[in-house]
>>> print(open('upload27.tsv').read())   # TSV, C-alpha atoms and all ligand atoms
chain	number	residue	atom	x	y	z
A	1	MET	CA	-44.37	296.05	-57.01
A	2	PRO	CA	-47.43	295.52	-54.83
A	3	GLY	CA	-47.36	293.06	-51.95
A	4	ASN	CA	-44.63	294.57	-49.78
A	5	THR	CA	-46.93	296.45	-47.43
A	6	LEU	CA	-48.73	295.44	-44.22
A	7	GLY	CA	-51.28	297.37	-42.15
A	8	GLN	CA	-53.64	300.28	-42.73
A	9	ALA	CA	-53.29	302.87	-39.96
A	10	PHE	CA	-49.74	301.80	-39.04
A	11	ARG	CA	-48.34	300.78	-42.42
A	12	ILE	CA	-44.99	299.21	-43.15
A	13	THR	CA	-43.30	298.61	-46.48
A	14	THR	CA	-40.11	296.53	-46.47
A	15	PHE	CA	-37.52	296.52	-49.24
A	16	GLY	CA	-34.21	294.84	-50.04
A	17	GLU	CA	-32.69	291.45	-50.76
A	18	SER	CA	-30.40	289.16	-48.79
A	19	HIS	CA	-27.40	289.93	-51.02
A	20	GLY	CA	-28.39	293.39	-52.23
A	21	ARG	CA	-26.85	296.57	-50.83
A	22	ALA	CA	-29.26	296.99	-47.94
A	23	LEU	CA	-32.59	296.06	-46.42
A	24	GLY	CA	-35.04	298.44	-44.89
A	25	VAL	CA	-38.52	299.51	-43.99
A	26	VAL	CA	-40.66	302.62	-44.27
A	27	ILE	CA	-43.26	303.06	-41.53
A	28	ASP	CA	-46.12	305.40	-42.32
A	29	GLY	CA	-48.78	306.35	-39.77
A	30	CYS	CA	-46.73	306.32	-36.58
A	31	PRO	CA	-48.13	309.05	-34.31
A	32	PRO	CA	-45.91	312.00	-33.33
A	33	GLY	CA	-44.34	312.36	-29.91
A	34	LEU	CA	-43.09	308.83	-29.25
A	35	GLU	CA	-39.58	308.57	-27.82
A	36	LEU	CA	-37.44	306.72	-30.35
A	37	ASP	CA	-33.75	306.30	-31.17
A	38	GLU	CA	-31.47	303.84	-32.93
A	39	ALA	CA	-30.38	302.17	-29.68
A	40	TYR	CA	-33.95	301.19	-28.86
A	41	ILE	CA	-34.49	299.62	-32.29
A	42	GLN	CA	-31.05	297.99	-32.21
A	43	GLU	CA	-31.88	296.12	-29.03
A	44	GLU	CA	-34.69	294.29	-30.84
A	45	LEU	CA	-32.58	293.68	-33.96
A	46	ASP	CA	-29.82	292.10	-31.87
A	47	LYS	CA	-32.25	289.39	-30.78
A	48	ARG	CA	-32.70	288.26	-34.41
A	49	ARG	CA	-29.17	288.95	-35.69
A	50	PRO	CA	-27.45	285.91	-37.24
A	51	GLY	CA	-24.47	283.97	-35.94
A	52	LYS	CA	-24.87	284.22	-32.19
A	53	ALA	CA	-25.16	280.54	-31.32
A	54	LEU	CA	-24.52	277.02	-32.49
A	55	GLY	CA	-26.75	275.96	-35.36
A	56	GLU	CA	-27.21	279.52	-36.62
A	57	THR	CA	-25.85	280.80	-39.92
A	58	PRO	CA	-22.28	282.01	-39.38
A	59	ARG	CA	-22.94	284.98	-41.69
A	60	LYS	CA	-21.49	287.98	-39.87
A	61	GLU	CA	-24.01	290.76	-39.95
A	62	LYS	CA	-24.12	293.51	-37.34
A	63	ASP	CA	-27.60	294.45	-38.53
A	64	ARG	CA	-26.86	298.04	-37.51
A	65	VAL	CA	-29.92	300.18	-37.97
A	66	HIS	CA	-29.76	303.66	-39.51
A	67	LEU	CA	-32.71	305.84	-38.60
A	68	LEU	CA	-33.06	308.08	-41.65
A	69	SER	CA	-36.23	310.07	-41.08
A	70	GLY	CA	-39.34	310.71	-39.03
A	71	VAL	CA	-37.56	311.42	-35.72
A	72	PHE	CA	-36.41	314.80	-34.42
A	73	GLU	CA	-34.76	315.42	-31.06
A	74	GLY	CA	-35.52	311.85	-29.97
A	75	ARG	CA	-39.24	311.94	-30.76
A	76	THR	CA	-41.28	310.74	-33.72
A	77	THR	CA	-42.62	313.63	-35.80
A	78	GLY	CA	-45.62	311.87	-37.37
A	79	THR	CA	-43.88	311.70	-40.76
A	80	PRO	CA	-42.64	308.49	-42.44
A	81	ILE	CA	-39.91	306.69	-40.52
A	82	ALA	CA	-37.28	305.09	-42.76
A	83	LEU	CA	-34.93	302.47	-41.28
A	84	LEU	CA	-31.97	301.08	-43.20
A	85	ILE	CA	-29.71	298.07	-42.53
A	86	TYR	CA	-26.70	297.50	-44.81
A	87	ASN	CA	-25.71	293.98	-45.86
A	88	GLU	CA	-22.07	293.58	-44.90
A	89	ASP	CA	-21.22	289.90	-45.34
A	90	ALA	CA	-23.12	288.54	-48.34
A	91	ARG	CA	-21.06	285.96	-50.25
A	92	SER	CA	-22.96	285.47	-53.45
A	93	SER	CA	-20.29	283.22	-54.99
A	94	ALA	CA	-21.55	280.36	-52.80
A	95	TYR	CA	-24.74	280.41	-54.87
A	96	GLU	CA	-23.17	280.58	-58.34
A	97	THR	CA	-23.03	276.82	-58.85
A	98	ILE	CA	-26.74	276.46	-58.08
A	99	LYS	CA	-27.98	279.63	-59.75
A	100	ASP	CA	-30.13	277.74	-62.28
A	101	ILE	CA	-31.00	274.81	-59.96
A	102	PHE	CA	-33.99	274.86	-57.65
A	103	ARG	CA	-33.39	274.13	-53.96
A	104	PRO	CA	-36.14	271.79	-52.71
A	105	GLY	CA	-38.21	273.58	-50.08
A	106	HIS	CA	-37.03	277.10	-50.92
A	107	GLY	CA	-38.75	279.71	-53.12
A	108	ASP	CA	-36.36	279.32	-56.07
A	109	CYS	CA	-38.76	277.46	-58.38
A	110	THR	CA	-41.88	279.48	-57.54
A	111	TYR	CA	-40.12	282.84	-57.98
A	112	PHE	CA	-38.72	281.66	-61.32
A	113	TRP	CA	-42.07	280.35	-62.55
A	114	LYS	CA	-43.82	283.56	-61.43
A	115	TYR	CA	-41.40	286.18	-62.77
A	116	GLY	CA	-39.36	284.36	-65.39
A	117	LEU	CA	-36.24	285.38	-63.45
A	118	ARG	CA	-35.03	285.38	-59.88
A	119	ASP	CA	-32.37	286.92	-57.71
A	120	TRP	CA	-30.41	283.73	-56.99
A	121	ARG	CA	-28.05	285.51	-54.58
A	122	GLY	CA	-28.97	284.03	-51.21
A	123	GLY	CA	-32.66	283.68	-51.96
A	124	GLY	CA	-33.06	287.40	-52.74
A	125	ARG	CA	-36.35	288.65	-51.41
A	126	SER	CA	-37.48	285.17	-50.28
A	127	SER	CA	-34.61	285.05	-47.79
A	128	GLY	CA	-35.23	284.98	-44.06
A	129	ARG	CA	-32.93	288.02	-43.99
A	130	GLU	CA	-35.86	290.20	-45.07
A	131	THR	CA	-37.22	289.69	-41.56
A	132	ALA	CA	-34.58	292.08	-40.18
A	133	ALA	CA	-36.66	294.93	-41.61
A	134	ARG	CA	-39.79	293.57	-39.92
A	135	VAL	CA	-38.05	293.41	-36.55
A	136	ALA	CA	-36.86	297.00	-36.94
A	137	ALA	CA	-40.45	298.11	-37.66
A	138	GLY	CA	-41.68	295.94	-34.79
A	139	ALA	CA	-39.50	297.94	-32.39
A	140	VAL	CA	-41.39	301.11	-33.35
A	141	ALA	CA	-44.69	299.29	-32.79
A	142	LYS	CA	-43.35	298.16	-29.41
A	143	ARG	CA	-42.78	301.80	-28.46
A	144	LEU	CA	-46.35	302.65	-29.38
A	145	LEU	CA	-47.78	299.67	-27.48
A	146	GLU	CA	-45.78	300.61	-24.38
A	147	THR	CA	-47.86	303.77	-24.07
A	148	TRP	CA	-50.84	301.42	-23.56
A	149	ASN	CA	-48.96	298.99	-21.30
A	150	ILE	CA	-49.31	296.25	-23.90
A	151	GLU	CA	-46.55	293.65	-23.77
A	152	VAL	CA	-45.85	290.97	-26.34
A	153	HIS	CA	-43.65	287.95	-25.58
A	154	ALA	CA	-42.61	285.15	-27.91
A	155	TYR	CA	-40.87	281.90	-27.05
A	156	THR	CA	-40.00	278.46	-28.35
A	157	VAL	CA	-42.43	275.78	-27.19
A	158	ALA	CA	-41.09	272.98	-29.38
A	159	LEU	CA	-37.90	272.36	-31.32
A	160	GLY	CA	-37.17	269.23	-33.32
A	161	GLY	CA	-39.71	267.24	-31.31
A	162	VAL	CA	-38.52	268.44	-27.86
A	163	LYS	CA	-41.39	270.21	-26.10
A	164	ALA	CA	-41.31	272.85	-23.38
A	165	SER	CA	-43.62	271.95	-20.53
A	166	LYS	CA	-43.07	275.09	-18.40
A	167	ARG	CA	-43.86	278.68	-19.37
A	168	ASP	CA	-41.42	280.79	-17.36
A	169	LEU	CA	-41.56	284.13	-19.18
A	170	SER	CA	-38.64	285.53	-17.17
A	171	PHE	CA	-36.42	282.68	-18.45
A	172	ILE	CA	-37.00	283.29	-22.18
A	173	TYR	CA	-34.70	286.31	-22.37
A	174	GLN	CA	-31.96	284.50	-20.46
A	175	ASN	CA	-31.25	281.90	-23.14
A	176	ARG	CA	-30.56	282.08	-26.85
A	177	LEU	CA	-33.32	279.64	-27.84
A	178	PHE	CA	-35.99	281.81	-26.13
A	179	CYS	CA	-37.06	278.62	-24.37
A	180	PRO	CA	-39.39	279.13	-21.38
A	181	ASP	CA	-38.45	275.81	-19.77
A	182	PRO	CA	-34.93	275.33	-18.30
A	183	GLU	CA	-35.21	271.53	-18.51
A	184	ALA	CA	-36.26	271.46	-22.14
A	185	LEU	CA	-33.55	273.97	-23.08
A	186	SER	CA	-30.58	271.60	-22.82
A	187	LYS	CA	-32.47	268.90	-24.73
A	188	MET	CA	-33.26	271.41	-27.49
A	189	GLU	CA	-29.60	272.46	-27.68
A	190	GLU	CA	-28.54	268.81	-27.98
A	191	ARG	CA	-31.10	268.23	-30.71
A	192	ILE	CA	-29.82	271.14	-32.81
A	193	LYS	CA	-26.21	269.92	-32.49
A	194	GLU	CA	-27.19	266.40	-33.47
A	195	ILE	CA	-29.16	267.52	-36.54
A	196	ARG	CA	-26.50	270.00	-37.68
A	197	ALA	CA	-23.86	267.23	-37.53
A	198	LYS	CA	-26.02	265.12	-39.84
A	199	GLY	CA	-26.27	267.93	-42.42
A	200	ASP	CA	-29.99	268.19	-41.82
A	201	SER	CA	-32.37	270.78	-40.33
A	202	ILE	CA	-35.35	270.95	-37.95
A	203	GLY	CA	-38.45	273.01	-37.27
A	204	GLY	CA	-40.51	273.78	-34.21
A	205	VAL	CA	-43.32	275.77	-32.66
A	206	VAL	CA	-43.26	279.38	-31.41
A	207	GLU	CA	-45.90	280.76	-29.05
A	208	ILE	CA	-46.68	284.45	-28.82
A	209	VAL	CA	-48.64	286.02	-25.99
A	210	ALA	CA	-49.90	289.60	-25.90
A	211	GLN	CA	-50.79	290.95	-22.46
A	212	GLY	CA	-52.74	294.09	-21.59
A	213	VAL	CA	-54.54	294.35	-24.93
A	214	PRO	CA	-57.81	296.27	-24.46
A	215	ALA	CA	-61.07	294.76	-25.65
A	216	GLY	CA	-62.31	296.11	-28.97
A	217	LEU	CA	-59.37	295.73	-31.37
A	218	GLY	CA	-60.21	294.16	-34.73
A	219	GLU	CA	-62.79	294.70	-37.43
A	220	PRO	CA	-66.04	292.71	-37.74
A	221	VAL	CA	-65.24	291.08	-41.10
A	222	PHE	CA	-62.13	290.45	-43.24
A	223	ASP	CA	-59.75	292.57	-41.11
A	224	LYS	CA	-60.60	290.56	-38.02
A	225	LEU	CA	-57.82	290.66	-35.46
A	226	ASP	CA	-57.25	286.91	-35.67
A	227	ALA	CA	-57.28	287.02	-39.48
A	228	ASP	CA	-54.73	289.83	-39.55
A	229	LEU	CA	-52.53	288.08	-36.98
A	230	ALA	CA	-52.67	284.87	-39.00
A	231	LYS	CA	-51.76	286.69	-42.19
A	232	ALA	CA	-48.90	288.60	-40.59
A	233	LEU	CA	-47.45	285.46	-38.99
A	234	MET	CA	-47.99	283.30	-42.06
A	235	SER	CA	-46.17	285.92	-44.15
A	236	ILE	CA	-42.89	284.99	-42.40
A	237	GLY	CA	-40.76	282.54	-44.42
A	238	ALA	CA	-40.84	278.97	-43.07
A	239	VAL	CA	-44.14	279.46	-41.17
A	240	LYS	CA	-46.58	276.74	-42.22
A	241	GLY	CA	-49.33	276.96	-39.62
A	242	VAL	CA	-50.93	279.49	-37.27
A	243	GLU	CA	-53.23	278.77	-34.32
A	244	ILE	CA	-55.12	281.20	-32.11
A	245	GLY	CA	-56.03	280.02	-28.58
A	246	ALA	CA	-57.05	276.36	-28.56
A	247	GLY	CA	-56.58	276.38	-32.34
A	248	PHE	CA	-56.76	272.95	-33.97
A	249	ALA	CA	-57.51	271.34	-30.60
A	250	ALA	CA	-60.85	273.24	-30.54
A	251	ALA	CA	-62.05	270.96	-33.33
A	252	GLU	CA	-61.95	268.04	-30.87
A	253	LEU	CA	-63.84	269.79	-28.05
A	254	LEU	CA	-67.54	269.96	-27.19
A	255	GLY	CA	-69.14	273.41	-27.10
A	256	SER	CA	-69.43	273.07	-23.33
A	257	GLU	CA	-65.68	272.45	-23.12
A	258	ASN	CA	-64.57	275.04	-25.64
A	259	ASN	CA	-66.73	278.00	-24.54
A	260	ASP	CA	-64.92	280.31	-22.14
A	261	GLU	CA	-67.55	280.88	-19.45
A	262	ILE	CA	-67.91	284.48	-18.33
A	263	THR	CA	-67.97	285.66	-14.72
A	264	PRO	CA	-68.17	289.26	-13.43
A	265	HIS	CA	-64.40	289.02	-12.90
A	266	GLY	CA	-63.39	287.65	-16.28
A	267	PHE	CA	-63.36	284.58	-18.50
A	268	LYS	CA	-62.88	281.24	-16.71
A	269	THR	CA	-60.69	279.85	-19.51
A	270	ASN	CA	-59.07	281.24	-22.64
A	271	ASN	CA	-59.70	278.81	-25.48
A	272	ALA	CA	-60.59	281.84	-27.62
A	273	GLY	CA	-57.00	283.07	-27.36
A	274	GLY	CA	-58.28	286.54	-26.45
A	275	ILE	CA	-60.33	287.08	-29.62
A	276	LEU	CA	-64.06	286.58	-30.25
A	277	ALA	CA	-65.71	287.35	-33.61
A	278	GLY	CA	-62.49	288.95	-34.77
A	279	ILE	CA	-62.41	291.43	-31.88
A	280	SER	CA	-60.15	291.30	-28.82
A	281	ASN	CA	-62.00	290.41	-25.61
A	282	GLY	CA	-59.51	291.88	-23.13
A	283	ASP	CA	-57.93	288.52	-22.28
A	284	GLU	CA	-54.39	287.48	-23.22
A	285	ILE	CA	-53.97	286.99	-26.95
A	286	ILE	CA	-52.28	283.68	-27.66
A	287	CYS	CA	-50.95	282.55	-31.04
A	288	ARG	CA	-48.79	279.62	-32.03
A	289	VAL	CA	-46.90	279.16	-35.27
A	290	ALA	CA	-45.55	275.98	-36.84
A	291	VAL	CA	-42.09	276.53	-38.32
A	292	LYS	CA	-40.85	274.11	-40.96
A	293	PRO	CA	-37.25	272.85	-41.12
A	294	ILE	CA	-34.76	275.00	-43.06
A	295	PRO	CA	-34.81	273.95	-46.73
A	296	SER	CA	-31.08	274.45	-47.53
A	297	ILE	CA	-29.41	271.29	-46.23
A	298	SER	CA	-26.13	269.61	-47.13
A	299	LYS	CA	-27.69	266.15	-47.57
A	300	GLU	CA	-28.00	265.12	-51.20
A	301	GLN	CA	-31.50	265.58	-52.67
A	302	GLU	CA	-33.16	265.26	-56.05
A	303	THR	CA	-34.23	268.36	-57.93
A	304	VAL	CA	-34.37	269.93	-61.40
A	305	ASP	CA	-32.84	272.95	-63.09
A	306	GLU	CA	-34.70	275.75	-64.86
A	307	ARG	CA	-35.12	273.53	-67.95
A	308	LEU	CA	-36.45	270.68	-65.81
A	309	ASN	CA	-33.33	268.52	-66.28
A	310	PRO	CA	-33.00	266.16	-63.31
A	311	ARG	CA	-30.17	267.22	-60.98
A	312	LYS	CA	-28.78	266.23	-57.61
A	313	ILE	CA	-28.15	269.00	-55.09
A	314	LYS	CA	-26.12	269.26	-51.86
A	315	ILE	CA	-26.30	272.78	-50.49
A	316	GLY	CA	-23.22	274.35	-48.98
A	317	GLY	CA	-22.97	277.94	-47.76
A	318	ARG	CA	-23.99	279.43	-44.46
A	319	HIS	CA	-27.41	278.24	-43.41
A	320	ASP	CA	-29.31	277.98	-40.15
A	321	ALA	CA	-30.01	274.45	-38.92
A	322	SER	CA	-33.37	275.81	-37.74
A	323	ALA	CA	-35.23	279.09	-38.20
A	324	ILE	CA	-35.69	278.83	-34.44
A	325	PRO	CA	-34.49	280.77	-32.48
A	326	ARG	CA	-34.06	283.67	-34.93
A	327	ILE	CA	-37.67	283.56	-36.07
A	328	VAL	CA	-38.91	284.11	-32.48
A	329	PRO	CA	-38.30	287.92	-32.40
A	330	VAL	CA	-39.78	288.08	-35.90
A	331	CYS	CA	-43.05	286.52	-34.67
A	332	GLN	CA	-43.04	288.95	-31.74
A	333	ALA	CA	-42.53	291.87	-34.14
A	334	MET	CA	-45.35	290.78	-36.46
A	335	VAL	CA	-47.83	290.55	-33.57
A	336	ARG	CA	-46.75	293.99	-32.33
A	337	LEU	CA	-47.23	295.47	-35.80
A	338	VAL	CA	-50.77	294.09	-36.12
A	339	LEU	CA	-51.73	295.26	-32.62
A	340	ALA	CA	-50.31	298.75	-33.26
A	341	ASP	CA	-52.27	298.96	-36.49
A	342	HIS	CA	-55.56	297.89	-34.88
A	343	LEU	CA	-55.00	300.09	-31.84
A	344	LEU	CA	-54.69	303.16	-34.09
A	345	ARG	CA	-57.76	302.09	-36.06
A	346	GLN	CA	-59.80	301.77	-32.87
A	347	LEU	CA	-58.51	305.13	-31.57
A	348	SER	CA	-59.73	306.86	-34.71
A	349	LEU	CA	-63.18	305.36	-34.08
A	350	SER	CA	-63.39	306.06	-30.36
A	351	PRO	CA	-64.17	309.80	-30.35
A	352	PHE	CA	-67.65	308.85	-31.60
A	353	THR	CA	-67.96	305.50	-29.87
A	354	LYS	CA	-68.45	304.31	-26.31
A	355	TRP	CA	-65.48	302.01	-26.04
A	356	THR	CA	-65.27	299.49	-23.16
A	357	LYS	CA	-61.53	298.98	-23.03
A	358	TYR	CA	-61.12	296.84	-19.93
A	359	PRO	CA	-64.48	295.14	-19.28
A	360	PHE	CA	-63.60	293.39	-16.02
A	361	SER	CA	-61.35	295.91	-14.31
A	362	GLU	CA	-61.17	299.55	-15.29
A	363	LYS	CA	-57.47	300.43	-15.59
B	401	LIG	C1	-35.13	283.91	-39.45
B	401	LIG	C2	-35.13	282.98	-40.61
B	401	LIG	C3	-33.95	282.37	-41.00
B	401	LIG	C4	-33.92	281.51	-42.10
B	401	LIG	N1	-32.72	280.97	-42.46
B	401	LIG	C5	-32.67	280.19	-43.58
B	401	LIG	C6	-31.43	279.65	-44.03
B	401	LIG	O1	-30.38	279.88	-43.45
B	401	LIG	N2	-31.45	278.91	-45.16
B	401	LIG	C7	-32.60	278.61	-45.84
B	401	LIG	O2	-32.57	277.91	-46.83
B	401	LIG	N3	-33.79	279.09	-45.41
B	401	LIG	C8	-33.85	279.87	-44.31
B	401	LIG	N4	-35.06	280.36	-43.88
B	401	LIG	C9	-36.29	279.86	-44.48
B	401	LIG	C10	-36.62	280.42	-45.80
B	401	LIG	O3	-36.58	281.82	-45.78
B	401	LIG	C11	-38.01	279.93	-46.21
B	401	LIG	O4	-38.17	278.58	-45.95
B	401	LIG	C12	-38.21	280.17	-47.67
B	401	LIG	O5	-38.39	281.57	-47.83
B	401	LIG	C13	-39.36	279.41	-48.28
B	401	LIG	O6	-40.58	279.92	-47.81
B	401	LIG	P1	-41.68	279.03	-47.08
B	401	LIG	O7	-40.90	278.17	-46.14
B	401	LIG	O8	-42.54	280.01	-46.41
B	401	LIG	O9	-42.37	278.20	-48.12
B	401	LIG	C14	-35.11	281.24	-42.79
B	401	LIG	C15	-36.31	281.86	-42.40
B	401	LIG	C16	-36.31	282.72	-41.32
B	401	LIG	C17	-37.61	283.37	-40.94
B	402	LIG	C1	-28.47	286.37	-43.31
B	402	LIG	C2	-29.55	285.96	-42.70
B	402	LIG	O1	-30.11	284.71	-42.85
B	402	LIG	C3	-30.00	284.07	-44.07
B	402	LIG	C4	-31.35	283.46	-44.40
B	402	LIG	C5	-31.27	282.55	-45.58
B	402	LIG	C6	-32.53	282.19	-46.27
B	402	LIG	O2	-32.45	281.56	-47.35
B	402	LIG	O3	-33.62	282.46	-45.76
B	402	LIG	C7	-30.07	282.01	-45.99
B	402	LIG	C8	-28.78	282.42	-45.44
B	402	LIG	O4	-28.36	283.51	-46.21
B	402	LIG	P1	-27.07	283.54	-47.08
B	402	LIG	O5	-26.96	282.19	-47.73
B	402	LIG	O6	-27.36	284.61	-48.03
B	402	LIG	O7	-25.97	283.85	-46.14
B	402	LIG	C9	-28.94	282.96	-44.02
B	402	LIG	O8	-27.69	283.46	-43.59
B	402	LIG	C10	-30.29	286.82	-41.77
B	402	LIG	O9	-31.37	286.40	-41.36
B	402	LIG	O10	-29.82	287.91	-41.45
>>> encode(input="upload27.tsv", output="structure tokens")
Amino acid sequence: MPGNTLGQAFRITTFGESHGRALGVVIDGCPPGLELDEAYIQEELDKRRPGKALGETPRKEKDRVHLLSGVFEGRTTGTPIALLIYNEDARSSAYETIKDIFRPGHGDCTYFWKYGLRDWRGGGRSSGRETAARVAAGAVAKRLLETWNIEVHAYTVALGGVKASKRDLSFIYQNRLFCPDPEALSKMEERIKEIRAKGDSIGGVVEIVAQGVPAGLGEPVFDKLDADLAKALMSIGAVKGVEIGAGFAAAELLGSENNDEITPHGFKTNNAGGILAGISNGDEIICRVAVKPIPSISKEQETVDERLNPRKIKIGGRHDASAIPRIVPVCQAMVRLVLADHLLRQLSLSPFTKWTKYPFSEK
């Protein structure tokens, strides 16, 4: 079935369902010679793995990655890399009573109306569990980006209305919510507890910053870097909005306020979020995504079944109270995948092109 692939030069295809035998990804286009092993990929997967903190699904998945191909003696060979993660704790029986009822906010009704059938076991392909495969692929992209000293960080800037006002990047990996603000962290934790106790769910905002990206990545039309980032981020379940740089706030600014003035040493501001006309400008790339609240909640709601009979639904089972924090490493992975893809596309162009990689300071 088409629609499971992202990228052109660094292509990924994910497969698998939440309650199927396994999930996985095939990466095609990764250059040979990169150091890679399961432990490196596992480290990234562990950041997304379910059940590590309060408010997260208690489903017990180790998310152990099996590296099946494309690596020999610890280095990529340039051939397709296949990564497999077995499902170990799917409990499909929890879904049997609602197998012909549509959960409000989830993909049940749209999958059914599109295909005439759906895998009702844990949301099937529409499940957030599919993102494990993306994170595994993102680890390979991370390895590639490291060779260019490109770093991507993602963190929670809002959760259930609590906003982070500090951006301490060193703090984000020290707490489970990937919050960059120690003061906001405890308020966010309280908020999750409160909402979980009420049988409800919450959303939030994730910010992603890419540092060290050379100027020149992105195509002039359609495959613009910002367009590809927006698509990749929007393709994650529960993401309902994507902003680059000043984003929606730019609509309120004057040209004189929004333009990032240019000096011989760099841009004075970064409202562009590191991208102009679809092409990276050498500044930090900044994206933000709006994450909606988890649809499966235990509060009673109105819905219909497959025959449109009115029904009431209260969803049990093992659900997250918020896609945050587990969506944070997924956003990070998606940005890495897009940057890896565009980096390889630019490298294939550069033998015939004068490429100014770092306009303000030659690295
Ligand atoms: C990491 C992650 C975890 C998620 N956990 C759940 C969950 O436990 N229960 C649920 O109903 N939805 C969960 N979702 C959200 C659904 O996957 C998503 O809302 C659904 O696919 C509908 O797609 P849409 O929100 O993009 O419209 C999760 C999403 C992500 C990315
Ligand atoms: C298992 C994961 O998250 C799942 C995402 C999810 C959904 O509907 O998106 C629903 C729950 O799945 P299930 O009801 O099948 O246990 C979560 O546990 C994971 O991310 O690894």
>>> atom_distance(input="upload27.tsv", atom1="CA of Pro293 (chain A)", atom2="CA of Gln174 (chain A)")
24.3 Å
>>> closest_residue(input="upload27.tsv", among="A:Leu343, A:Ile101, A:Cys109, A:Ala158", to="Ser322 (chain A)", atoms="only C-alpha atoms")
A:Ala158
>>> residues_near_ligand(input="upload27.tsv", ligand="ligand LIG 402 (chain B)", cutoff="6 Å", atoms="all atoms listed in the file", output="list in words")
Ser18, Arg49, Pro50, Thr57, Arg59, Ala90, Gly122, Gly123, Ser127, Gly128, Arg129, Gly317, Arg318 and His319 of chain A
>>> closest_residue(input="upload27.tsv", among="A:Gly24, A:Pro310, A:Gly273, A:Gly282", to="Ala136 (chain A)", atoms="all atoms listed in the file")
A:Gly24
>>> residues_near_ligand(input="upload27.tsv", ligand="ligand LIG 401 (chain B)", cutoff="6 Å", atoms="only C-alpha atoms and all ligand atoms", output="PyMOL selection string")
chain A and resi 57+106-107+126-128+236-239+294-296+319-320+323+326-327
>>> closest_residue(input="upload27.tsv", among="A:Gly278, A:Pro32, A:Gly124, A:Pro325", to="Glu207 (chain A)", atoms="only C-alpha atoms")
A:Pro325
>>> axis_aligned_box(input="upload27.tsv", around="region 311-323 of chain A", padding_each_side="6 Å", output="AutoDock Vina command-line options")
--center_x -29.1 --center_y 272.8 --center_z -49.4 --size_x 24.3 --size_y 25.2 --size_z 35.2
>>> decode(input="upload27.tsv", residues="region 112-123 of chain A", atoms="N, CA and C atoms", output="JSON list (two decimals), in the first residue's frame")
[["chain", "number", "residue", "atom", "x", "y", "z"],
["A", 112, "PHE", "N", -12.35, 3.01, 8.89],
["A", 112, "PHE", "CA", -13.46, 2.15, 8.47],
["A", 112, "PHE", "C", -14.13, 2.71, 7.22],
["A", 113, "TRP", "N", -14.35, 4.01, 7.20],
["A", 113, "TRP", "CA", -15.01, 4.60, 6.02],
["A", 113, "TRP", "C", -14.10, 4.54, 4.79],
["A", 114, "LYS", "N", -12.79, 4.59, 5.00],
["A", 114, "LYS", "CA", -11.86, 4.53, 3.85],
["A", 114, "LYS", "C", -11.73, 3.11, 3.29],
["A", 115, "TYR", "N", -11.52, 2.13, 4.20],
["A", 115, "TYR", "CA", -11.18, 0.78, 3.71],
["A", 115, "TYR", "C", -12.32, -0.23, 3.79],
["A", 116, "GLY", "N", -13.39, 0.13, 4.51],
["A", 116, "GLY", "CA", -14.47, -0.83, 4.68],
["A", 116, "GLY", "C", -14.15, -1.87, 5.74],
["A", 117, "LEU", "N", -13.00, -1.76, 6.35],
["A", 117, "LEU", "CA", -12.60, -2.63, 7.47],
["A", 117, "LEU", "C", -11.50, -1.90, 8.23],
["A", 118, "ARG", "N", -11.24, -2.39, 9.44],
["A", 118, "ARG", "CA", -10.12, -1.79, 10.19],
["A", 118, "ARG", "C", -9.57, -2.80, 11.16],
["A", 119, "ASP", "N", -8.31, -2.64, 11.49],
["A", 119, "ASP", "CA", -7.69, -3.46, 12.53],
["A", 119, "ASP", "C", -8.03, -2.78, 13.85],
["A", 120, "TRP", "N", -9.03, -3.32, 14.55],
["A", 120, "TRP", "CA", -9.52, -2.67, 15.78],
["A", 120, "TRP", "C", -8.61, -2.95, 16.97],
["A", 121, "ARG", "N", -7.60, -3.81, 16.78],
["A", 121, "ARG", "CA", -6.73, -4.16, 17.92],
["A", 121, "ARG", "C", -5.78, -3.00, 18.23],
["A", 122, "GLY", "N", -6.17, -2.20, 19.22],
["A", 122, "GLY", "CA", -5.26, -1.12, 19.66],
["A", 122, "GLY", "C", -5.00, -0.06, 18.62],
["A", 123, "GLY", "N", -5.96, 0.17, 17.74],
["A", 123, "GLY", "CA", -5.78, 1.25, 16.75],
["A", 123, "GLY", "C", -4.99, 0.81, 15.53]]
